[in-house]
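Asks: File structure_33.pdb below, PDB, C-alpha atoms:
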```pdb
ATOM      1  CA  MET Q   1      60.792 -32.212  27.435
ATOM      2  CA  SER Q   2      60.639 -35.821  26.272
ATOM      3  CA  PRO Q   3      57.670 -38.019  27.256
ATOM      4  CA  THR Q   4      59.887 -40.013  29.616
ATOM      5  CA  GLN Q   5      61.090 -36.954  31.556
ATOM      6  CA  LYS Q   6      59.193 -36.029  34.671
ATOM      7  CA  ARG Q   7      58.875 -32.441  35.736
ATOM      8  CA  THR Q   8      60.077 -31.610  39.211
ATOM      9  CA  PHE Q   9      57.798 -29.842  41.656
ATOM     10  CA  ARG Q  10      58.443 -28.587  45.155
ATOM     11  CA  ALA Q  11      55.039 -29.867  46.307
ATOM     12  CA  TRP Q  12      51.874 -31.514  45.008
ATOM     13  CA  ALA Q  13      48.218 -30.521  45.185
ATOM     14  CA  LEU Q  14      45.705 -33.343  44.880
ATOM     15  CA  LEU Q  15      42.454 -31.803  43.723
ATOM     16  CA  ASP Q  16      38.933 -33.096  43.915
ATOM     17  CA  ARG Q  17      36.871 -32.324  40.806
ATOM     18  CA  ASP Q  18      33.155 -31.817  41.491
ATOM     19  CA  GLY Q  19      32.438 -29.024  43.948
ATOM     20  CA  THR Q  20      36.132 -28.144  44.140
ATOM     21  CA  ILE Q  21      37.589 -27.106  40.790
ATOM     22  CA  ILE Q  22      34.323 -27.332  38.851
ATOM     23  CA  VAL Q  23      30.743 -26.686  39.887
ATOM     24  CA  ASP Q  24      29.108 -29.959  40.923
ATOM     25  CA  LYS Q  25      26.547 -30.819  38.236
ATOM     26  CA  ILE Q  26      25.867 -34.296  39.740
ATOM     27  CA  TYR Q  27      26.970 -37.106  37.396
ATOM     28  CA  LEU Q  28      28.412 -34.731  34.810
ATOM     29  CA  SER Q  29      28.681 -36.579  31.498
ATOM     30  CA  ASP Q  30      28.446 -33.651  29.079
ATOM     31  CA  PRO Q  31      31.747 -31.836  28.486
ATOM     32  CA  ASN Q  32      29.802 -28.666  27.722
ATOM     33  CA  GLY Q  33      28.600 -28.678  31.348
ATOM     34  CA  ILE Q  34      32.024 -27.851  32.778
ATOM     35  CA  GLU Q  35      31.906 -24.649  34.781
ATOM     36  CA  PHE Q  36      34.838 -23.653  36.951
ATOM     37  CA  ALA Q  37      34.153 -23.148  40.647
ATOM     38  CA  SER Q  38      34.740 -19.822  42.347
ATOM     39  CA  GLY Q  39      38.441 -19.084  42.623
ATOM     40  CA  ALA Q  40      39.469 -22.327  40.893
ATOM     41  CA  LEU Q  41      41.458 -20.912  37.988
ATOM     42  CA  ASN Q  42      43.175 -18.237  40.085
ATOM     43  CA  GLY Q  43      43.877 -20.776  42.820
ATOM     44  CA  MET Q  44      45.342 -23.271  40.378
ATOM     45  CA  ARG Q  45      47.547 -20.509  38.920
ATOM     46  CA  LEU Q  46      48.690 -19.602  42.432
ATOM     47  CA  LEU Q  47      49.606 -23.238  43.107
ATOM     48  CA  ARG Q  48      51.386 -23.577  39.740
ATOM     49  CA  ASP Q  49      53.354 -20.382  40.380
ATOM     50  CA  ALA Q  50      54.254 -21.671  43.868
ATOM     51  CA  GLY Q  51      55.811 -24.769  42.281
ATOM     52  CA  PHE Q  52      53.024 -27.299  42.806
ATOM     53  CA  GLY Q  53      52.225 -30.158  40.494
ATOM     54  CA  LEU Q  54      48.450 -30.522  40.098
ATOM     55  CA  VAL Q  55      46.728 -33.919  40.180
ATOM     56  CA  LEU Q  56      43.004 -34.547  39.827
ATOM     57  CA  VAL Q  57      41.581 -37.336  42.029
ATOM     58  CA  THR Q  58      37.866 -37.890  41.583
ATOM     59  CA  ASN Q  59      35.202 -40.387  42.590
ATOM     60  CA  GLN Q  60      32.982 -41.079  39.571
ATOM     61  CA  SER Q  61      30.292 -43.491  40.759
ATOM     62  CA  GLY Q  62      28.099 -42.436  37.838
ATOM     63  CA  ILE Q  63      29.962 -45.143  35.907
ATOM     64  CA  ALA Q  64      28.999 -47.887  38.389
ATOM     65  CA  ARG Q  65      25.451 -46.530  38.525
ATOM     66  CA  GLY Q  66      25.132 -46.683  34.716
ATOM     67  CA  TYR Q  67      24.660 -42.935  34.185
ATOM     68  CA  PHE Q  68      27.665 -42.728  31.856
ATOM     69  CA  ASP Q  69      30.630 -44.872  30.830
ATOM     70  CA  ASN Q  70      34.416 -44.528  30.851
ATOM     71  CA  ALA Q  71      34.350 -43.086  27.322
ATOM     72  CA  ALA Q  72      31.985 -40.273  28.375
ATOM     73  CA  LEU Q  73      34.171 -39.560  31.407
ATOM     74  CA  ALA Q  74      37.254 -39.450  29.163
ATOM     75  CA  THR Q  75      35.471 -36.902  26.957
ATOM     76  CA  VAL Q  76      34.647 -34.720  29.963
ATOM     77  CA  HIS Q  77      38.239 -34.929  31.201
ATOM     78  CA  ALA Q  78      39.640 -34.178  27.731
ATOM     79  CA  ARG Q  79      37.518 -31.015  27.631
ATOM     80  CA  LEU Q  80      38.606 -30.108  31.167
ATOM     81  CA  VAL Q  81      42.273 -30.494  30.166
ATOM     82  CA  GLU Q  82      41.626 -28.361  27.064
ATOM     83  CA  LEU Q  83      39.941 -25.601  29.077
ATOM     84  CA  LEU Q  84      42.751 -25.626  31.637
ATOM     85  CA  ALA Q  85      45.391 -25.491  28.885
ATOM     86  CA  SER Q  86      43.681 -22.401  27.438
ATOM     87  CA  GLU Q  87      44.299 -20.842  30.870
ATOM     88  CA  GLY Q  88      47.954 -21.942  30.936
ATOM     89  CA  LEU Q  89      47.270 -24.736  33.442
ATOM     90  CA  THR Q  90      48.261 -28.399  33.322
ATOM     91  CA  LEU Q  91      47.192 -31.454  35.281
ATOM     92  CA  GLU Q  92      50.092 -33.851  35.769
ATOM     93  CA  ALA Q  93      47.646 -36.756  36.129
ATOM     94  CA  ILE Q  94      43.973 -37.570  36.409
ATOM     95  CA  LYS Q  95      42.968 -40.455  38.650
ATOM     96  CA  HIS Q  96      39.366 -41.581  38.939
ATOM     97  CA  CYS Q  97      37.426 -44.264  40.762
ATOM     98  CA  PRO Q  98      34.575 -45.737  38.677
ATOM     99  CA  HIS Q  99      33.103 -47.711  41.582
ATOM    100  CA  GLY Q 100      29.984 -47.175  43.643
ATOM    101  CA  PRO Q 101      29.989 -46.520  47.378
ATOM    102  CA  ASN Q 102      29.259 -50.161  48.255
ATOM    103  CA  ASP Q 103      31.712 -51.809  45.852
ATOM    104  CA  GLY Q 104      34.450 -52.247  48.465
ATOM    105  CA  CYS Q 105      37.303 -50.960  46.298
ATOM    106  CA  ASP Q 106      40.518 -49.372  47.558
ATOM    107  CA  CYS Q 107      40.391 -46.439  45.134
ATOM    108  CA  ARG Q 108      37.179 -44.644  46.129
ATOM    109  CA  LYS Q 109      37.896 -41.742  48.447
ATOM    110  CA  PRO Q 110      38.223 -41.776  51.412
ATOM    111  CA  ALA Q 111      40.211 -44.951  50.657
ATOM    112  CA  PRO Q 112      43.780 -44.048  49.686
ATOM    113  CA  GLY Q 113      44.078 -46.047  46.434
ATOM    114  CA  MET Q 114      43.923 -43.180  43.927
ATOM    115  CA  ILE Q 115      46.289 -41.083  45.989
ATOM    116  CA  ARG Q 116      48.760 -43.937  46.395
ATOM    117  CA  ALA Q 117      48.579 -44.602  42.634
ATOM    118  CA  ALA Q 118      49.347 -40.931  41.966
ATOM    119  CA  MET Q 119      52.267 -41.032  44.435
ATOM    120  CA  GLU Q 120      53.652 -44.142  42.741
ATOM    121  CA  ASP Q 121      53.155 -42.913  39.178
ATOM    122  CA  LEU Q 122      54.527 -39.425  39.815
ATOM    123  CA  GLY Q 123      57.086 -40.311  42.482
ATOM    124  CA  PHE Q 124      56.170 -37.780  45.131
ATOM    125  CA  ASP Q 125      56.486 -37.867  48.889
ATOM    126  CA  PRO Q 126      53.191 -37.523  50.809
ATOM    127  CA  THR Q 127      54.893 -35.093  53.206
ATOM    128  CA  ARG Q 128      55.155 -32.701  50.231
ATOM    129  CA  ALA Q 129      51.489 -32.929  49.219
ATOM    130  CA  VAL Q 130      48.090 -31.580  50.182
ATOM    131  CA  MET Q 131      44.541 -32.624  49.282
ATOM    132  CA  ILE Q 132      41.990 -29.924  48.439
ATOM    133  CA  GLY Q 133      38.355 -30.977  48.371
ATOM    134  CA  ASP Q 134      34.843 -30.277  49.534
ATOM    135  CA  SER Q 135      33.778 -33.482  51.306
ATOM    136  CA  ASP Q 136      34.567 -35.807  54.178
ATOM    137  CA  ALA Q 137      35.688 -38.362  51.578
ATOM    138  CA  ASP Q 138      38.248 -35.889  50.223
ATOM    139  CA  MET Q 139      39.530 -35.173  53.705
ATOM    140  CA  GLY Q 140      40.043 -38.921  54.117
ATOM    141  CA  ALA Q 141      43.269 -38.378  52.174
ATOM    142  CA  ALA Q 142      44.892 -38.262  55.569
ATOM    143  CA  THR Q 143      44.788 -42.068  55.415
ATOM    144  CA  ALA Q 144      47.521 -41.736  52.803
ATOM    145  CA  GLY Q 145      49.490 -39.396  55.080
ATOM    146  CA  ILE Q 146      48.442 -36.193  53.291
ATOM    147  CA  PRO Q 147      46.860 -33.184  55.027
ATOM    148  CA  GLY Q 148      43.589 -31.862  53.649
ATOM    149  CA  ILE Q 149      42.134 -28.415  53.121
ATOM    150  CA  ARG Q 150      38.368 -28.421  52.936
ATOM    151  CA  ILE Q 151      36.303 -26.000  50.883
ATOM    152  CA  ASP Q 152      32.915 -25.143  52.348
ATOM    153  CA  LEU Q 153      30.910 -22.389  50.720
ATOM    154  CA  ASN Q 154      29.159 -21.815  54.050
ATOM    155  CA  GLY Q 155      32.460 -20.976  55.696
ATOM    156  CA  GLY Q 156      33.719 -21.869  59.115
ATOM    157  CA  SER Q 157      36.872 -21.384  61.110
ATOM    158  CA  ASP Q 158      38.734 -24.431  59.807
ATOM    159  CA  VAL Q 159      37.665 -24.406  56.144
ATOM    160  CA  ALA Q 160      38.276 -22.348  53.019
ATOM    161  CA  THR Q 161      35.308 -20.584  51.451
ATOM    162  CA  ASP Q 162      36.551 -21.052  47.869
ATOM    163  CA  PHE Q 163      39.352 -22.673  45.928
ATOM    164  CA  LEU Q 164      41.554 -19.584  45.884
ATOM    165  CA  GLN Q 165      41.522 -19.386  49.686
ATOM    166  CA  ALA Q 166      42.317 -23.121  49.844
ATOM    167  CA  ALA Q 167      45.188 -22.643  47.395
ATOM    168  CA  ARG Q 168      46.628 -19.860  49.535
ATOM    169  CA  ARG Q 169      46.550 -22.141  52.576
ATOM    170  CA  ALA Q 170      48.164 -24.968  50.602
ATOM    171  CA  ALA Q 171      50.955 -22.721  49.318
ATOM    172  CA  ALA Q 172      51.613 -21.489  52.861
ATOM    173  CA  LEU Q 173      52.135 -25.079  54.036
ATOM    174  CA  PHE Q 174      55.248 -25.380  51.860
ATOM    175  CA  SER Q 175      56.603 -21.819  51.831
TER     176      SER Q 175
END
```
As structure tokens - that is how I would like this structure written.

Replies:
Amino acid sequence: MSPTQKRTFRAWALLDRDGTIIVDKIYLSDPNGIEFASGALNGMRLLRDAGFGLVLVTNQSGIARGYFDNAALATVHARLVELLASEGLTLEAIKHCPHGPNDGCDCRKPAPGMIRAAMEDLGFDPTRAVMIGDSDADMGAATAGIPGIRIDLNGGSDVATDFLQAARRAAALFS
């Protein structure tokens, strides 16, 4: 496939990073600290096999707070992409917000900026997408017209207890 060709997917999964596909290490700036969350790899395979394109959308206020810079984040994401590739998985895009919670940007979840940028860059319809995350901010994706599936390790009737369960629910939305 040439670099200008876009792959076609039947649906899209927008994935939070920390606490969703990787264990939340709080301001992760060391690529060696990446540890996949329970069910993440199997869930991502399930979504891939169900025809989903996978997009990472992640708030990274550690940049605004001075804990790490864009270069350190790029190193972490490069390692994440490498680890996923070793598992046969691909992210179609990575979108991040470098701002702090009080910066008033349009990209920090729950604001829809990152999701809208992904929709524009990848050309997908929000009615064929789902957001999977572990926070109220992630579930704010509904502001971009996308349903959310929340992961909560403590369980509950309207949440998934791990990524694999969330992936199963997402796949069922577009079966």

Asks: Select from stretch 92-165 of chain Q every residue with an atom at most 12 Å from any atom of stretch 38-57 of chain Q, then for each give the shortest pair of atoms and their distance in Å to one decimal, using all atoms listed in the file, rows by chain and rising number, as CSV.

Replies:
```
residue,atom,partner,partner_atom,distance
Q:Glu92,CA,Q:Val55,CA,5.5
Q:Ala93,CA,Q:Val55,CA,5.0
Q:Ile94,CA,Q:Leu56,CA,4.7
Q:Lys95,CA,Q:Val57,CA,4.8
Q:His96,CA,Q:Val57,CA,5.7
Q:Cys97,CA,Q:Val57,CA,8.2
Q:Pro98,CA,Q:Val57,CA,11.4
Q:Cys107,CA,Q:Val57,CA,9.7
Q:Arg108,CA,Q:Val57,CA,9.5
Q:Lys109,CA,Q:Val57,CA,8.6
Q:Pro110,CA,Q:Val57,CA,10.9
Q:Ala111,CA,Q:Val57,CA,11.6
Q:Pro112,CA,Q:Val57,CA,10.4
Q:Gly113,CA,Q:Val57,CA,10.1
Q:Met114,CA,Q:Val57,CA,6.6
Q:Ile115,CA,Q:Val57,CA,7.2
Q:Arg116,CA,Q:Val57,CA,10.7
Q:Ala117,CA,Q:Val57,CA,10.1
Q:Ala118,CA,Q:Val55,CA,7.7
Q:Met119,CA,Q:Val55,CA,10.0
Q:Asp121,CA,Q:Val55,CA,11.1
Q:Leu122,CA,Q:Val55,CA,9.6
Q:Gly123,CA,Q:Gly53,CA,11.4
Q:Phe124,CA,Q:Gly53,CA,9.8
Q:Arg128,CA,Q:Phe52,CA,9.4
Q:Ala129,CA,Q:Phe52,CA,8.7
Q:Val130,CA,Q:Phe52,CA,9.9
Q:Met131,CA,Q:Val57,CA,9.1
Q:Ile132,CA,Q:Val57,CA,9.8
Q:Gly133,CA,Q:Val57,CA,9.5
Q:Ala137,CA,Q:Val57,CA,11.3
Q:Asp138,CA,Q:Val57,CA,9.0
Q:Ala141,CA,Q:Val57,CA,10.3
Q:Ile151,CA,Q:Ser38,CA,10.7
Q:Asp152,CA,Q:Ser38,CA,11.5
Q:Leu153,CA,Q:Ser38,CA,9.6
Q:Ala160,CA,Q:Gly39,CA,10.9
Q:Thr161,CA,Q:Ser38,CA,9.2
Q:Asp162,CA,Q:Gly39,CA,5.9
Q:Phe163,CA,Q:Gly39,CA,5.0
Q:Leu164,CA,Q:Gly43,CA,4.0
Q:Gln165,CA,Q:Gly43,CA,7.4
```

Asks: Restricting the calculation to all atoms listed in the file: of Q:Leu80, Q:Ile146, Q:Met139, Q:Ala172, which residue gets closest to Q:Val159?

Replies: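 When distances to Q:Val159 are compared using all atoms listed in the file, the smallest one comes from Q:Met139.
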
Asks: Report as JSON the centre and the edge lengths, in Å to one decimal, of the axis-aligned box holding every listed atom of stretch 42-45 of chain Q, padded by 5 Å on each side.

Replies:
```
{"center_x": 45.4, "center_y": -20.8, "center_z": 40.9, "size_x": 14.4, "size_y": 15.0, "size_z": 13.9}
```

Asks: Name the closest residue to Q:Asn70 among the candidates Q:Gly100, Q:Leu83, Q:Ser29, Q:Glu120; distances are taken between atoms, counting only C-alpha atoms.

Replies: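 Smallest distance to Q:Asn70 is found for Q:Ser29.
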
Asks: Distance atom CA of Q:Asp69-atom CA of Q:Asp136, one decimal place?

Replies: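 These atoms are spaced 25.4 Å apart.
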
Asks: On this file, the PyMOL selection byres ((chain Q and resi 27) around 10) gives some set of residues; write that set as a list in words.

Replies: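 Selection result, ordered by chain and number: Asp18, Asp24, Lys25, Ile26, Leu28, Ser29, Asp30, Gln60, Ser61, Gly62, Ile63, Arg65, Tyr67, Phe68 and Leu73 of chain Q.
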
Asks: What is the atom CA of Q:Ala37-atom CA of Q:Ala167 distance in Å, reported with one decimal?

Replies: 12.9 Å

Asks: Would you compute the distance between atom CA of Q:Thr8 and atom CA of Q:Ser175? Give it in Å to one decimal.

Replies: 16.3 Å

Asks: For Q:Arg10, which residue among Q:Pro126, Q:Pro147, Q:Gly88, Q:Pro101 is the nearest when counting only C-alpha atoms?

Replies: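 Using only C-alpha atoms, Q:Arg10 sits closest to Q:Pro126.
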
Asks: For each of Q:Asn59, Q:Val76, Q:Leu15, Q:Cys105, take the minimum atom-to-atom distance to Q:Ile34, counting all atoms listed in the file, then give the residue where this is smallest.

Replies: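 Looking at the shortest contact to Q:Ile34, the residue is Q:Val76.
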
Asks: Identify which of the residues Q:Gly155, Q:Gly140, Q:Gly145, Q:Gly33 lies closest to Q:Asp16, counting all atoms listed in the file when measuring atom-to-atom distances.

Replies: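 Ranked by minimum distance to Q:Asp16, first place goes to Q:Gly140.
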
Asks: For stretch 6-41 of chain Q, which lacks atoms in the input, supply N, CA and C atoms and format the output as a PDB file, keeping the file's coordinate frame.

Replies:
```
ATOM      1  N   LYS Q   6      60.188 -36.508  33.723  1.00  0.00           N
ATOM      2  CA  LYS Q   6      59.193 -36.029  34.671  1.00  0.00           C
ATOM      3  C   LYS Q   6      59.590 -34.635  35.119  1.00  0.00           C
ATOM      4  N   ARG Q   7      58.595 -33.764  35.227  1.00  0.00           N
ATOM      5  CA  ARG Q   7      58.875 -32.441  35.736  1.00  0.00           C
ATOM      6  C   ARG Q   7      59.045 -32.536  37.247  1.00  0.00           C
ATOM      7  N   THR Q   8      59.829 -31.632  37.780  1.00  0.00           N
ATOM      8  CA  THR Q   8      60.077 -31.610  39.211  1.00  0.00           C
ATOM      9  C   THR Q   8      59.272 -30.486  39.838  1.00  0.00           C
ATOM     10  N   PHE Q   9      58.609 -30.818  40.943  1.00  0.00           N
ATOM     11  CA  PHE Q   9      57.798 -29.842  41.656  1.00  0.00           C
ATOM     12  C   PHE Q   9      58.235 -29.808  43.102  1.00  0.00           C
ATOM     13  N   ARG Q  10      58.072 -28.671  43.738  1.00  0.00           N
ATOM     14  CA  ARG Q  10      58.443 -28.587  45.155  1.00  0.00           C
ATOM     15  C   ARG Q  10      57.378 -29.172  46.058  1.00  0.00           C
ATOM     16  N   ALA Q  11      56.139 -29.273  45.545  1.00  0.00           N
ATOM     17  CA  ALA Q  11      55.039 -29.867  46.307  1.00  0.00           C
ATOM     18  C   ALA Q  11      53.950 -30.274  45.322  1.00  0.00           C
ATOM     19  N   TRP Q  12      52.959 -30.998  45.844  1.00  0.00           N
ATOM     20  CA  TRP Q  12      51.874 -31.514  45.008  1.00  0.00           C
ATOM     21  C   TRP Q  12      50.527 -31.149  45.614  1.00  0.00           C
ATOM     22  N   ALA Q  13      49.587 -30.789  44.755  1.00  0.00           N
ATOM     23  CA  ALA Q  13      48.218 -30.521  45.185  1.00  0.00           C
ATOM     24  C   ALA Q  13      47.323 -31.559  44.522  1.00  0.00           C
ATOM     25  N   LEU Q  14      46.682 -32.367  45.356  1.00  0.00           N
ATOM     26  CA  LEU Q  14      45.705 -33.343  44.880  1.00  0.00           C
ATOM     27  C   LEU Q  14      44.346 -32.667  44.950  1.00  0.00           C
ATOM     28  N   LEU Q  15      43.665 -32.604  43.827  1.00  0.00           N
ATOM     29  CA  LEU Q  15      42.454 -31.803  43.723  1.00  0.00           C
ATOM     30  C   LEU Q  15      41.242 -32.667  43.430  1.00  0.00           C
ATOM     31  N   ASP Q  16      40.215 -32.496  44.227  1.00  0.00           N
ATOM     32  CA  ASP Q  16      38.933 -33.096  43.915  1.00  0.00           C
ATOM     33  C   ASP Q  16      38.377 -32.341  42.707  1.00  0.00           C
ATOM     34  N   ARG Q  17      37.446 -32.967  41.984  1.00  0.00           N
ATOM     35  CA  ARG Q  17      36.871 -32.324  40.806  1.00  0.00           C
ATOM     36  C   ARG Q  17      35.557 -31.602  41.124  1.00  0.00           C
ATOM     37  N   ASP Q  18      34.508 -32.372  41.355  1.00  0.00           N
ATOM     38  CA  ASP Q  18      33.155 -31.817  41.491  1.00  0.00           C
ATOM     39  C   ASP Q  18      32.968 -31.104  42.824  1.00  0.00           C
ATOM     40  N   GLY Q  19      32.617 -29.824  42.742  1.00  0.00           N
ATOM     41  CA  GLY Q  19      32.438 -29.024  43.948  1.00  0.00           C
ATOM     42  C   GLY Q  19      33.734 -28.384  44.425  1.00  0.00           C
ATOM     43  N   THR Q  20      34.836 -28.692  43.744  1.00  0.00           N
ATOM     44  CA  THR Q  20      36.132 -28.144  44.140  1.00  0.00           C
ATOM     45  C   THR Q  20      36.724 -27.304  43.017  1.00  0.00           C
ATOM     46  N   ILE Q  21      37.090 -27.926  41.896  1.00  0.00           N
ATOM     47  CA  ILE Q  21      37.589 -27.106  40.790  1.00  0.00           C
ATOM     48  C   ILE Q  21      36.507 -26.820  39.757  1.00  0.00           C
ATOM     49  N   ILE Q  22      35.465 -27.663  39.699  1.00  0.00           N
ATOM     50  CA  ILE Q  22      34.323 -27.332  38.851  1.00  0.00           C
ATOM     51  C   ILE Q  22      33.047 -27.392  39.686  1.00  0.00           C
ATOM     52  N   VAL Q  23      32.042 -26.679  39.218  1.00  0.00           N
ATOM     53  CA  VAL Q  23      30.743 -26.686  39.887  1.00  0.00           C
ATOM     54  C   VAL Q  23      30.175 -28.102  39.785  1.00  0.00           C
ATOM     55  N   ASP Q  24      29.664 -28.607  40.895  1.00  0.00           N
ATOM     56  CA  ASP Q  24      29.108 -29.959  40.923  1.00  0.00           C
ATOM     57  C   ASP Q  24      27.779 -29.987  40.180  1.00  0.00           C
ATOM     58  N   LYS Q  25      27.766 -30.689  39.039  1.00  0.00           N
ATOM     59  CA  LYS Q  25      26.547 -30.819  38.236  1.00  0.00           C
ATOM     60  C   LYS Q  25      25.875 -32.171  38.468  1.00  0.00           C
ATOM     61  N   ILE Q  26      26.389 -32.980  39.377  1.00  0.00           N
ATOM     62  CA  ILE Q  26      25.867 -34.296  39.740  1.00  0.00           C
ATOM     63  C   ILE Q  26      25.855 -35.219  38.520  1.00  0.00           C
ATOM     64  N   TYR Q  27      26.799 -36.126  38.482  1.00  0.00           N
ATOM     65  CA  TYR Q  27      26.970 -37.106  37.396  1.00  0.00           C
ATOM     66  C   TYR Q  27      27.187 -36.420  36.050  1.00  0.00           C
ATOM     67  N   LEU Q  28      28.090 -35.466  36.031  1.00  0.00           N
ATOM     68  CA  LEU Q  28      28.412 -34.731  34.810  1.00  0.00           C
ATOM     69  C   LEU Q  28      28.939 -35.686  33.739  1.00  0.00           C
ATOM     70  N   SER Q  29      28.236 -35.747  32.615  1.00  0.00           N
ATOM     71  CA  SER Q  29      28.681 -36.579  31.498  1.00  0.00           C
ATOM     72  C   SER Q  29      28.761 -35.788  30.200  1.00  0.00           C
ATOM     73  N   ASP Q  30      28.415 -34.513  30.250  1.00  0.00           N
ATOM     74  CA  ASP Q  30      28.446 -33.651  29.079  1.00  0.00           C
ATOM     75  C   ASP Q  30      29.605 -32.667  29.237  1.00  0.00           C
ATOM     76  N   PRO Q  31      30.604 -32.735  28.348  1.00  0.00           N
ATOM     77  CA  PRO Q  31      31.747 -31.836  28.486  1.00  0.00           C
ATOM     78  C   PRO Q  31      31.378 -30.360  28.401  1.00  0.00           C
ATOM     79  N   ASN Q  32      30.247 -30.058  27.799  1.00  0.00           N
ATOM     80  CA  ASN Q  32      29.802 -28.666  27.722  1.00  0.00           C
ATOM     81  C   ASN Q  32      29.266 -28.165  29.058  1.00  0.00           C
ATOM     82  N   GLY Q  33      29.099 -29.054  30.031  1.00  0.00           N
ATOM     83  CA  GLY Q  33      28.600 -28.678  31.348  1.00  0.00           C
ATOM     84  C   GLY Q  33      29.678 -28.235  32.311  1.00  0.00           C
ATOM     85  N   ILE Q  34      30.929 -28.251  31.884  1.00  0.00           N
ATOM     86  CA  ILE Q  34      32.024 -27.851  32.778  1.00  0.00           C
ATOM     87  C   ILE Q  34      31.943 -26.350  33.047  1.00  0.00           C
ATOM     88  N   GLU Q  35      31.913 -26.034  34.329  1.00  0.00           N
ATOM     89  CA  GLU Q  35      31.906 -24.649  34.781  1.00  0.00           C
ATOM     90  C   GLU Q  35      32.853 -24.571  35.976  1.00  0.00           C
ATOM     91  N   PHE Q  36      33.860 -23.729  35.872  1.00  0.00           N
ATOM     92  CA  PHE Q  36      34.838 -23.653  36.951  1.00  0.00           C
ATOM     93  C   PHE Q  36      34.236 -23.046  38.214  1.00  0.00           C
ATOM     94  N   ALA Q  37      34.612 -23.619  39.343  1.00  0.00           N
ATOM     95  CA  ALA Q  37      34.153 -23.148  40.647  1.00  0.00           C
ATOM     96  C   ALA Q  37      34.826 -21.820  40.988  1.00  0.00           C
ATOM     97  N   SER Q  38      34.215 -21.115  41.906  1.00  0.00           N
ATOM     98  CA  SER Q  38      34.740 -19.822  42.347  1.00  0.00           C
ATOM     99  C   SER Q  38      36.191 -19.946  42.802  1.00  0.00           C
ATOM    100  N   GLY Q  39      37.032 -19.119  42.230  1.00  0.00           N
ATOM    101  CA  GLY Q  39      38.441 -19.084  42.623  1.00  0.00           C
ATOM    102  C   GLY Q  39      39.295 -20.202  42.067  1.00  0.00           C
ATOM    103  N   ALA Q  40      38.709 -21.145  41.328  1.00  0.00           N
ATOM    104  CA  ALA Q  40      39.469 -22.327  40.893  1.00  0.00           C
ATOM    105  C   ALA Q  40      40.631 -21.976  39.970  1.00  0.00           C
ATOM    106  N   LEU Q  41      40.381 -21.220  38.941  1.00  0.00           N
ATOM    107  CA  LEU Q  41      41.458 -20.912  37.988  1.00  0.00           C
ATOM    108  C   LEU Q  41      42.549 -20.079  38.646  1.00  0.00           C
TER     109      LEU Q  41
END
```
